[in-house]
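Student: First, the structure itself, so that you have it in front of you.
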Amino acid sequence: MDVLVVSNYEELSRRAAELVDEAIHKRPNLVLGLPTGSTPLGLYAHLVRRFQAGATSWAKVRTFNLDEYYPVRPQDPWSFRRYMEEHLFRHVDLKPEHIHFLDGQAPDPEAECRRYEEAIASVGGLGLVILGLGVNGHIGFNEPGTPWDSRTHLTTLSQETVTANFGAAPREADDFYPPRQALTMGIATIMEARQILLLVSGANKSRALGRAFNGPVTPSIPASILQRHPHLTVIADRAAVGIKAAGRALRA
Ligand code: GLP
């Protein structure tokens, strides 16, 4: 595994964009697995800027997002589809038919998950999967306890995840009910990618980062399975690693 500890979020975003662009240059028809959340926002901004500067063409790239709330409408503010349109898809020359998403309105979620696995297989599997890290160590929406052999599935979100993503006091009084379920690529789906890039930023992630890489591989910390991936790159900022421990917090 390659570990890059960078000084701040801006550098993390820039280095990640360079790595992704390099992968697209090497393989123009790269199959990318894409995350949402606050961590990749800087990466997407850099990728858009690099595209606008003529650095990269996305014309042959295929994308598969990691997860989506369930149920959710594409126009809901928290829909990952909407997030991706706003931050990446509408700004680059990706072909609409090359964009793959789990349908948060699918009437039969199990069939939808099977369809997604088949779509991934039909393009020869995932090339580069980019991941963020949940505060409880989740990857995608694979919450603690998810089996290592899981494929794309419907999952129930932990209270910790709902709180992290929607705030401590969900506005149920205002008729807003945060989604409690999601569709997500499974751990086995993610681990079969040829390359994985994990992005970790901020002091609120340092506990999860330490538990993922300085301890045993255990389903109670889903990201710990990444220790076993043959081609993993971790880019973490110093706040996530813990300033005092920078340079020794991660075993390379
Ligand atoms: C969500 C997503 C994950 C993401 C995680 C961390 O729950 N399903 O894919 O990595 O949150 O998000 P953030 O980057 O906002 O901390």
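We name chains A, B, ... following the order of the structure tokens; residues begin at 1 in each chain, and ligands are numbered from 1 as shown.
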Collect all residues with atoms no farther than 7 Å from ligand 1, counting only C-alpha atoms and all ligand atoms, and output them as a short mmCIF file (atom, residue, chain, number, x, y, z; two decimals) with N, CA and C atoms, in the first residue's frame.
Tutor:
```cif
data_model
loop_
_atom_site.label_atom_id
_atom_site.label_comp_id
_atom_site.auth_asym_id
_atom_site.auth_seq_id
_atom_site.Cartn_x
_atom_site.Cartn_y
_atom_site.Cartn_z
N PRO A 35 -17.18 8.09 -5.19
CA PRO A 35 -17.82 8.35 -3.90
C PRO A 35 -18.51 9.71 -3.86
N THR A 36 -19.31 9.91 -2.84
CA THR A 36 -19.90 11.22 -2.56
C THR A 36 -19.43 11.66 -1.17
N GLY A 37 -20.14 12.58 -0.54
CA GLY A 37 -19.71 13.08 0.76
C GLY A 37 -18.90 14.35 0.60
N SER A 38 -18.42 14.87 1.71
CA SER A 38 -17.67 16.14 1.65
C SER A 38 -16.23 15.92 1.21
N THR A 39 -15.65 14.77 1.49
CA THR A 39 -14.23 14.56 1.18
C THR A 39 -13.90 14.72 -0.31
N PRO A 40 -14.66 14.13 -1.24
CA PRO A 40 -14.25 14.23 -2.65
C PRO A 40 -14.61 15.54 -3.34
N LEU A 66 -20.72 4.55 -5.99
CA LEU A 66 -20.67 3.51 -4.95
C LEU A 66 -22.03 3.21 -4.34
N ASP A 67 -22.84 4.25 -4.17
CA ASP A 67 -24.04 4.05 -3.36
C ASP A 67 -25.06 5.14 -3.63
N LEU A 131 -12.54 6.02 -2.67
CA LEU A 131 -13.36 5.86 -1.47
C LEU A 131 -13.13 7.00 -0.49
N GLY A 132 -14.19 7.37 0.23
CA GLY A 132 -14.04 8.17 1.43
C GLY A 132 -14.13 7.22 2.61
N LEU A 133 -14.07 7.75 3.80
CA LEU A 133 -14.12 6.92 5.01
C LEU A 133 -15.18 7.47 5.95
N GLY A 134 -16.11 6.61 6.35
CA GLY A 134 -17.12 7.04 7.33
C GLY A 134 -16.50 7.15 8.72
N VAL A 135 -17.11 7.94 9.58
CA VAL A 135 -16.55 8.10 10.95
C VAL A 135 -16.55 6.77 11.71
N ILE A 139 -17.16 2.04 4.36
CA ILE A 139 -16.75 2.40 3.00
C ILE A 139 -17.98 2.16 2.12
N GLY A 140 -18.23 3.10 1.17
CA GLY A 140 -19.54 3.09 0.51
C GLY A 140 -20.55 3.26 1.64
N PHE A 141 -21.59 2.42 1.64
CA PHE A 141 -22.48 2.38 2.80
C PHE A 141 -22.38 1.01 3.46
N THR A 161 -24.20 7.04 11.20
CA THR A 161 -24.09 7.51 9.81
C THR A 161 -25.17 8.53 9.49
N ASN A 165 -24.36 12.36 8.40
CA ASN A 165 -24.74 12.88 7.09
C ASN A 165 -25.88 13.89 7.13
#
```
Student: Using only C-alpha atoms, what table do you get, as a Markdown table, when you list each residue of range 92-175 of chain A with an atom no more than 12 Å from range 48-59 of chain A, its nearest pair of atoms, and their distance in Å rounded to one decimal, rows by chain then rising number?
Tutor:
```
| residue | atom | partner | partner_atom | distance |
| --- | --- | --- | --- | --- |
| A:Val92 | CA | A:Val48 | CA | 6.5 |
| A:Asp93 | CA | A:Trp58 | CA | 5.4 |
| A:Leu94 | CA | A:Trp58 | CA | 5.0 |
| A:Lys95 | CA | A:Ala59 | CA | 6.1 |
| A:Pro96 | CA | A:Ala59 | CA | 9.8 |
| A:Glu97 | CA | A:Ala59 | CA | 10.6 |
| A:His98 | CA | A:Ala59 | CA | 8.7 |
| A:Ile99 | CA | A:Trp58 | CA | 11.0 |
```
Student: Just list the residues in range 64-102 of chain A DSSP gives strand (DSSP E) on the backbone, as a VMD selection string.
Tutor: chain A and resid 64 to 65 67 to 70 99 to 100
Student: Distance CA of Val234 in chain A-CA of Glu118 in chain A, one decimal place?
Tutor: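 Between CA of Val234 in chain A and CA of Glu118 in chain A the gap works out to 28.3 Å.
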Student: Looking only at the backbone, which of the residues in range 25-172 of chain A does DSSP tag as helix (DSSP H, G or I), as a PyMOL selection string?
Tutor: chain A and resi 25-26+41-52+80-87+89-91+96-98+109-122+159-166+172
Student: Give me the residues within 8 Å of range 220-232 of chain A as number ranges by chain, counting only C-alpha atoms and dropping any in the same chain fewer than 4 places off.
Tutor: A: 1-2, 133, 136-139, 142-146, 148, 187, 191, 194-198, 208, 211-213, 215-216
Student: Using only C-alpha atoms for the distances, tell me which of A:Val72, A:Val200, A:Leu126, A:Leu12 is nearest to Gln105 in chain A.
Tutor: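 Closest candidate: A:Val72.
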Student: For Phe89 in chain A, which residue among A:Ala119, A:Thr63, A:Pro178, A:Arg73 is the nearest when counting only C-alpha atoms?
Tutor: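 For Phe89 in chain A, the nearest of the given residues is A:Thr63.
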Student: Would you please work out which residue, of A:Met185, A:Ala193, A:Leu4, A:Val241, is nearest to Leu209 in chain A when using only C-alpha atoms?
Tutor: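 Smallest distance to Leu209 in chain A is found for A:Val241.
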Student: Would you mind reading off the distance between CA of Leu88 in chain A and CA of Pro71 in chain A, one decimal, in Å?
Tutor: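 Straight-line distance from CA of Leu88 in chain A to CA of Pro71 in chain A works out to 22.7 Å.
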Student: Counting only C-alpha atoms, which residue out of A:Asn8, A:Arg238, A:Glu192, A:Arg62 sits closest to Asn29 in chain A?
Tutor: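 Using only C-alpha atoms, the shortest distance to Asn29 in chain A belongs to A:Arg62.
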Student: Can you tell me, as an mmCIF file with C-alpha atoms, in the first residue's frame, what residues are no more than 12 Å from Lys26 in chain A when counting only C-alpha atoms, ignoring any on the same chain fewer than 4 positions away?
Tutor:
```cif
data_model
loop_
_atom_site.group_PDB
_atom_site.id
_atom_site.type_symbol
_atom_site.label_atom_id
_atom_site.label_comp_id
_atom_site.auth_asym_id
_atom_site.auth_seq_id
_atom_site.Cartn_x
_atom_site.Cartn_y
_atom_site.Cartn_z
ATOM 1 C CA LEU A 19 -3.673 10.381 -9.671
ATOM 2 C CA VAL A 20 -7.122 10.043 -11.264
ATOM 3 C CA ASP A 21 -6.099 11.975 -14.382
ATOM 4 C CA GLU A 22 -2.981 9.836 -14.703
ATOM 5 C CA LEU A 30 -11.113 3.462 -17.347
ATOM 6 C CA THR A 56 -8.143 15.076 -19.823
ATOM 7 C CA SER A 57 -10.955 13.659 -21.888
ATOM 8 C CA VAL A 61 -14.515 6.779 -19.156
ATOM 9 C CA GLY A 127 -10.607 -0.271 -12.646
ATOM 10 C CA LEU A 128 -10.098 2.450 -10.042
#
```
Student: Between A:Lys205, A:Arg81, A:Lys60, A:Arg90, which is the closest to Asp103 in chain A once you count only C-alpha atoms?
Tutor: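 Smallest separation from Asp103 in chain A among the options: A:Arg81.
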